[in-house]
>>> print(open('structure-v4.txt').read())   # compact mmCIF, C-alpha atoms and all ligand atoms
# COMPACT_ATOMS: atom_id res chain seq x y z
CA MET A 1 82.12 217.55 269.73
CA SER A 2 84.52 220.42 270.45
CA SER A 3 83.25 223.44 272.38
CA ILE A 4 82.68 226.64 270.44
CA VAL A 5 81.58 228.48 273.60
CA ARG A 6 82.91 227.84 277.11
CA ILE A 7 81.61 229.88 280.04
CA GLU A 8 83.30 229.46 283.40
CA ASN A 9 82.05 230.93 286.69
CA VAL A 10 80.59 234.00 285.02
CA PHE A 11 78.93 236.72 287.07
CA LYS A 12 77.45 239.92 285.68
CA GLU A 13 76.36 242.83 287.80
CA TYR A 14 74.86 246.13 286.75
CA THR A 15 74.78 249.23 288.87
CA LEU A 16 71.50 251.10 288.71
CA GLY A 17 71.79 254.28 290.74
CA THR A 18 72.76 253.08 294.18
CA SER A 19 71.48 249.53 293.78
CA ARG A 20 73.22 246.54 292.20
CA VAL A 21 71.50 244.09 289.92
CA HIS A 22 72.97 240.59 289.87
CA ALA A 23 71.97 239.70 286.31
CA LEU A 24 74.05 236.49 286.08
CA LYS A 25 75.29 234.39 288.99
CA ASP A 26 77.98 231.78 288.52
CA ILE A 27 77.12 230.58 285.04
CA ASN A 28 78.97 227.51 283.77
CA LEU A 29 78.13 226.28 280.29
CA GLN A 30 79.76 224.58 277.33
CA ILE A 31 78.22 224.74 273.88
CA GLY A 32 79.43 222.34 271.24
CA ASN A 33 80.21 223.30 267.68
CA GLY A 34 77.08 222.82 265.57
CA GLU A 35 74.54 222.84 268.40
CA PHE A 36 70.99 224.24 268.03
CA LEU A 37 70.42 225.55 271.53
CA ALA A 38 67.67 227.56 273.18
CA ILE A 39 68.02 229.61 276.34
CA ALA A 40 64.62 229.77 278.01
CA GLY A 41 63.50 231.81 280.97
CA PRO A 42 61.04 234.42 282.15
CA SER A 43 61.40 238.14 281.50
CA GLY A 44 64.34 239.61 283.41
CA SER A 45 65.97 236.22 284.05
CA GLY A 46 69.20 237.15 282.26
CA LYS A 47 68.79 235.71 278.73
CA SER A 48 69.79 238.89 276.90
CA THR A 49 72.68 239.49 279.28
CA LEU A 50 74.00 235.98 278.62
CA LEU A 51 73.66 236.38 274.84
CA ASN A 52 75.39 239.78 274.98
CA LEU A 53 78.32 238.24 276.84
CA ILE A 54 78.63 235.34 274.38
CA GLY A 55 78.44 237.91 271.57
CA CYS A 56 81.26 239.97 273.10
CA ILE A 57 78.93 242.98 273.13
CA ASP A 58 79.48 243.18 276.89
CA ILE A 59 82.04 241.70 279.28
CA PRO A 60 81.50 239.71 282.49
CA SER A 61 82.06 241.25 285.92
CA SER A 62 84.06 238.12 286.71
CA GLY A 63 84.65 234.69 285.20
CA LYS A 64 85.87 233.62 281.80
CA ILE A 65 84.32 233.23 278.38
CA TYR A 66 86.08 231.35 275.61
CA ILE A 67 84.81 231.72 272.05
CA ASP A 68 86.26 229.29 269.54
CA ASP A 69 88.98 228.51 272.11
CA ARG A 70 89.93 232.16 272.50
CA ASP A 71 89.86 233.67 275.96
CA THR A 72 87.86 236.87 275.55
CA SER A 73 89.05 238.39 278.82
CA GLY A 74 91.95 240.76 278.53
CA GLN A 75 91.31 241.43 274.84
CA THR A 76 91.20 245.01 273.63
CA PRO A 77 87.91 246.42 272.30
CA ASP A 78 89.41 246.24 268.78
CA GLN A 79 90.33 242.59 269.20
CA LEU A 80 86.84 241.84 270.51
CA SER A 81 85.16 243.59 267.62
CA GLU A 82 87.35 241.67 265.17
CA LEU A 83 86.42 238.40 266.91
CA ARG A 84 82.77 239.42 266.79
CA ALA A 85 82.86 240.40 263.12
CA ARG A 86 84.55 237.18 262.00
CA THR A 87 82.94 234.63 264.31
CA ILE A 88 79.44 235.76 265.26
CA GLY A 89 76.27 236.68 263.41
CA PHE A 90 73.38 238.43 265.16
CA ILE A 91 69.62 238.20 264.70
CA PHE A 92 67.39 240.54 266.70
CA GLN A 93 63.72 240.45 267.66
CA THR A 94 63.19 243.81 265.96
CA PHE A 95 65.07 242.68 262.80
CA ASN A 96 67.31 245.81 262.86
CA LEU A 97 67.44 246.29 259.10
CA PHE A 98 68.33 249.62 257.54
CA SER A 99 65.05 251.00 256.26
CA VAL A 100 66.66 252.97 253.41
CA LEU A 101 68.52 249.94 252.07
CA SER A 102 67.09 247.14 249.95
CA ALA A 103 67.20 243.50 251.09
CA GLU A 104 70.37 242.85 249.13
CA GLU A 105 72.03 246.05 250.36
CA ASN A 106 71.21 245.09 253.94
CA ILE A 107 72.87 241.72 253.40
CA GLU A 108 75.90 243.33 251.76
CA TYR A 109 76.38 245.89 254.50
CA PRO A 110 78.36 243.78 257.02
CA LEU A 111 80.49 242.43 254.18
CA LEU A 112 81.82 245.90 253.37
CA GLN A 113 83.99 245.84 256.50
CA PHE A 114 86.05 242.97 255.07
CA LYS A 115 88.46 244.64 252.69
CA GLU A 116 89.56 241.29 251.26
CA LEU A 117 86.07 240.60 249.88
CA ARG A 118 85.73 241.88 246.36
CA ALA A 119 82.46 243.00 244.79
CA ALA A 120 82.07 239.74 242.86
CA GLU A 121 82.35 237.64 246.00
CA ARG A 122 79.97 239.92 247.89
CA ARG A 123 77.48 239.50 245.07
CA GLU A 124 77.89 235.74 245.09
CA ARG A 125 77.12 235.63 248.80
CA ILE A 126 74.11 237.93 248.49
CA VAL A 127 72.61 235.75 245.76
CA LYS A 128 73.37 232.54 247.67
CA PHE A 129 71.90 233.63 251.00
CA LEU A 130 68.87 235.39 249.51
CA ASP A 131 68.15 232.09 247.81
CA ILE A 132 68.65 230.06 251.01
CA VAL A 133 66.10 232.22 252.86
CA GLY A 134 63.69 232.05 249.91
CA LEU A 135 63.80 235.74 248.98
CA ALA A 136 65.54 235.72 245.60
CA GLU A 137 62.65 237.65 244.10
CA PHE A 138 62.69 240.31 246.80
CA ALA A 139 66.30 241.44 246.42
CA ASP A 140 65.44 245.05 245.66
CA HIS A 141 62.62 245.41 248.18
CA ARG A 142 63.08 247.67 251.16
CA PRO A 143 62.08 246.46 254.65
CA ASN A 144 58.77 248.36 254.58
CA GLN A 145 57.86 246.43 251.43
CA LEU A 146 58.33 243.13 253.22
CA SER A 147 56.31 241.22 255.84
CA GLY A 148 57.70 240.63 259.34
CA GLY A 149 58.68 237.07 258.48
CA GLN A 150 60.39 238.23 255.28
CA ARG A 151 62.29 240.91 257.22
CA GLN A 152 63.55 238.30 259.65
CA ARG A 153 64.63 236.17 256.67
CA VAL A 154 66.68 239.11 255.37
CA ALA A 155 68.22 239.42 258.83
CA ILE A 156 69.09 235.71 258.79
CA ALA A 157 70.73 236.07 255.35
CA ARG A 158 72.65 239.10 256.62
CA ALA A 159 73.84 237.16 259.68
CA LEU A 160 74.96 234.21 257.53
CA ALA A 161 76.69 236.25 254.84
CA THR A 162 79.85 236.82 256.91
CA HIS A 163 80.21 233.02 257.34
CA PRO A 164 80.05 233.14 261.16
CA LYS A 165 80.64 230.06 263.29
CA ILE A 166 77.93 231.10 265.73
CA ILE A 167 74.59 232.80 265.21
CA LEU A 168 73.05 234.50 268.24
CA ALA A 169 69.37 235.29 268.11
CA ASP A 170 67.68 237.19 270.97
CA GLU A 171 63.97 236.31 270.88
CA PRO A 172 63.97 235.97 267.06
CA THR A 173 60.26 235.19 266.90
CA ALA A 174 58.96 237.69 269.49
CA ASN A 175 57.51 240.03 266.86
CA LEU A 176 56.07 237.35 264.60
CA ASP A 177 52.83 235.41 264.71
CA HIS A 178 53.14 231.73 265.72
CA LYS A 179 53.03 230.27 262.24
CA THR A 180 55.60 232.70 260.85
CA GLY A 181 57.77 232.22 263.93
CA GLU A 182 57.75 228.46 263.46
CA GLY A 183 58.75 228.94 259.82
CA ILE A 184 61.69 231.10 260.91
CA LEU A 185 62.78 228.50 263.46
CA GLN A 186 62.49 225.73 260.90
CA LEU A 187 64.62 227.74 258.47
CA MET A 188 67.26 228.29 261.16
CA LYS A 189 67.21 224.60 261.94
CA ASP A 190 67.60 223.61 258.29
CA ILE A 191 70.58 225.97 257.97
CA ASN A 192 72.05 224.55 261.18
CA ARG A 193 71.78 221.01 259.79
CA ASN A 194 73.09 221.89 256.34
CA SER A 195 75.92 224.19 257.28
CA GLY A 196 76.86 223.13 260.82
CA THR A 197 76.61 226.73 262.02
CA THR A 198 75.99 226.86 265.77
CA PHE A 199 72.71 228.58 266.71
CA ILE A 200 72.06 229.98 270.19
CA PHE A 201 68.71 231.68 270.68
CA SER A 202 66.62 232.94 273.57
CA THR A 203 62.91 232.54 273.90
CA HIS A 204 60.02 232.40 276.31
CA ASP A 205 57.73 230.81 273.74
CA ALA A 206 57.03 227.12 274.49
CA LYS A 207 56.61 226.24 270.81
CA VAL A 208 60.00 227.69 270.00
CA MET A 209 61.56 225.82 272.94
CA ALA A 210 60.13 222.62 271.57
CA MET A 211 62.08 223.08 268.35
CA ALA A 212 65.44 223.32 270.08
CA GLU A 213 67.79 220.37 270.21
CA ARG A 214 69.12 221.42 273.56
CA LEU A 215 67.27 223.63 276.01
CA ILE A 216 68.85 225.35 278.99
CA ARG A 217 66.72 227.14 281.54
CA ILE A 218 67.68 230.30 283.34
CA GLU A 219 65.88 231.84 286.29
CA ASP A 220 66.92 234.85 288.32
CA GLY A 221 70.39 234.85 286.74
CA GLN A 222 71.14 231.18 287.37
CA LEU A 223 71.04 228.09 285.19
CA VAL A 224 68.37 225.91 286.73
CA GLY A 225 68.23 222.93 284.46
CA GLU A 226 68.60 221.45 281.08
CA ASP A 227 66.35 219.36 278.86
CA ALA A 228 67.60 217.21 276.07
CA VAL A 229 65.01 217.63 273.36
CA HIS A 230 64.56 214.84 270.88
CA THR A 231 63.67 215.92 267.39
N1 LIG A 301 72.11 247.81 281.20
C1 LIG A 301 71.51 247.40 282.32
N2 LIG A 301 71.58 248.14 283.44
C2 LIG A 301 70.99 247.74 284.59
N3 LIG A 301 70.32 246.58 284.71
C3 LIG A 301 70.21 245.80 283.63
C4 LIG A 301 70.80 246.15 282.39
N4 LIG A 301 70.52 245.18 281.47
C5 LIG A 301 69.82 244.26 282.16
N5 LIG A 301 69.61 244.61 283.44
C6 LIG A 301 68.92 243.83 284.47
O1 LIG A 301 69.48 242.55 284.51
C7 LIG A 301 68.46 241.54 284.67
C8 LIG A 301 68.50 240.57 283.47
O2 LIG A 301 68.05 241.26 282.31
P1 LIG A 301 68.01 240.61 280.85
O3 LIG A 301 67.65 241.68 279.89
O4 LIG A 301 69.27 239.86 280.62
O5 LIG A 301 66.80 239.55 281.00
P2 LIG A 301 65.98 238.77 279.87
O6 LIG A 301 65.81 237.39 280.41
O7 LIG A 301 66.64 238.92 278.58
O8 LIG A 301 64.59 239.54 279.90
P3 LIG A 301 63.55 239.83 278.69
O9 LIG A 301 63.01 238.51 278.29
O10 LIG A 301 62.54 240.73 279.34
O11 LIG A 301 64.36 240.52 277.61
C9 LIG A 301 67.16 242.29 284.83
O12 LIG A 301 66.92 242.46 286.21
C10 LIG A 301 67.44 243.63 284.16
O13 LIG A 301 66.64 244.64 284.71
>>> encode(input="structure-v4.txt", output="structure tokens", more="lines below")
Ligand SMILES: Nc1ncnc2c1ncn2[C@@H]1O[C@H](COP(=O)(O)OP(=O)(O)OP(=O)(O)O)[C@@H](O)[C@H]1O
Amino acid sequence: MSSIVRIENVFKEYTLGTSRVHALKDINLQIGNGEFLAIAGPSGSGKSTLLNLIGCIDIPSSGKIYIDDRDTSGQTPDQLSELRARTIGFIFQTFNLFSVLSAEENIEYPLLQFKELRAAERRERIVKFLDIVGLAEFADHRPNQLSGGQRQRVAIARALATHPKIILADEPTANLDHKTGEGILQLMKDINRNSGTTFIFSTHDAKVMAMAERLIRIEDGQLVGEDAVHT
């Protein structure tokens, strides 16, 4: 399996007033194309920081990150945002949908940045991904007309619509009840199996961890172990 993400000797520090926070300390990690991987750890352990670095939302203080064999260090902000737009889809714990847009408009929104995509192709993708997440009948509903689980399904469709190689999900089930959260994880897993899209998600929920195929543990900014999960 080729690596879609390669992290080498990555450190991340934040300065807070006069003190320094060592959020990540010497992280080394390779993630294969098509993996379904969970990053688990307590609050403040560095999960979001790690996801933000993989997502090229932030850059390491030192060390290297390769995404799809591209070295992300030394790239301009424009090059990084292009890499992000074409390679990575994001799912957030708070869904982050536009409240004034319908489900289908939310899914279309990231597609508008790709000038080569014509309206007919955008429509095709909206219909396809609404169907995959089981919301074909809710196309014209706004977020406040949808349940939490349905909102996260719209967010999944939106993340998939750009055909990313990697989907990053920071605590995707944190605002959902257990049953709904498990449904969301199962949907992500089905999509991973059917499409080969790599999924990397963070969680501190044991039930969600149990659904991962690979589980890495982070504590106090360091990787402390890995479980192979058999599913
Ligand atoms: N922008 C920032 N400025 C200063 N410190 C930060 C910043 N972002 C994160 N930190 C610190 O870095 C450490 C790791 O935070 P991070 O958000 O990555 O943890 P987490 O595991 O995602 O936690 P949670 O589960 O609570 O979201 C924490 O000590 C946090 O306070």
>>> residues_near_ligand(input="structure-v4.txt", ligand="ligand LIG 301 (chain A)", cutoff="7 Å", atoms="only C-alpha atoms and all ligand atoms", output="list in words")
Tyr14, Thr15, Leu16, Val21, His22, Ala23, Gly41, Pro42, Ser43, Gly44, Ser45, Gly46, Lys47, Ser48, Thr49, Leu50 and Gly221 of chain A
>>> write_last_selection(input="structure-v4.txt", atoms="C-alpha atoms", output="PDB file, keeping the file's coordinate frame")
ATOM      1  CA  TYR A  14      74.860 246.130 286.750  1.00  0.00           C
ATOM      2  CA  THR A  15      74.780 249.230 288.870  1.00  0.00           C
ATOM      3  CA  LEU A  16      71.500 251.100 288.710  1.00  0.00           C
ATOM      4  CA  VAL A  21      71.500 244.090 289.920  1.00  0.00           C
ATOM      5  CA  HIS A  22      72.970 240.590 289.870  1.00  0.00           C
ATOM      6  CA  ALA A  23      71.970 239.700 286.310  1.00  0.00           C
ATOM      7  CA  GLY A  41      63.500 231.810 280.970  1.00  0.00           C
ATOM      8  CA  PRO A  42      61.040 234.420 282.150  1.00  0.00           C
ATOM      9  CA  SER A  43      61.400 238.140 281.500  1.00  0.00           C
ATOM     10  CA  GLY A  44      64.340 239.610 283.410  1.00  0.00           C
ATOM     11  CA  SER A  45      65.970 236.220 284.050  1.00  0.00           C
ATOM     12  CA  GLY A  46      69.200 237.150 282.260  1.00  0.00           C
ATOM     13  CA  LYS A  47      68.790 235.710 278.730  1.00  0.00           C
ATOM     14  CA  SER A  48      69.790 238.890 276.900  1.00  0.00           C
ATOM     15  CA  THR A  49      72.680 239.490 279.280  1.00  0.00           C
ATOM     16  CA  LEU A  50      74.000 235.980 278.620  1.00  0.00           C
ATOM     17  CA  GLY A 221      70.390 234.850 286.740  1.00  0.00           C
TER      18      GLY A 221
END
>>> atom_distance(input="structure-v4.txt", atom1="atom CA of A:Gly89", atom2="atom CA of A:Ile167")
4.6 Å
>>> closest_residue(input="structure-v4.txt", among="A:Glu8, A:Asp58, A:Asp69, A:Asp190", to="A:Gly32", atoms="only C-alpha atoms")
A:Asp69
>>> atom_distance(input="structure-v4.txt", atom1="atom CA of A:Phe11", atom2="atom CA of A:Ile59")
9.8 Å
>>> closest_residue(input="structure-v4.txt", among="A:Asn9, A:Thr87, A:Ser102, A:Ser202", to="A:Ala161", atoms="all atoms listed in the file")
A:Thr87
>>> residues_around(input="structure-v4.txt", residues="A:Glu105", least_positions_apart="3", cutoff="12 Å", atoms="all atoms listed in the file", output="list in words")
Leu97, Phe98, Ser99, Val100, Leu101, Ser102, Glu108, Tyr109, Pro110, Leu111, Leu112, Arg122, Arg123, Arg125, Ile126, Val127, Leu130, Phe138, Ala139, Asp140, His141, Arg142, Pro143, Val154, Ala155, Ala157, Arg158 and Ala161 of chain A
>>> closest_residue(input="structure-v4.txt", among="A:Ala38, A:Met188, A:Ile7, A:Ala120", to="A:Lys207", atoms="only C-alpha atoms")
A:Ala38
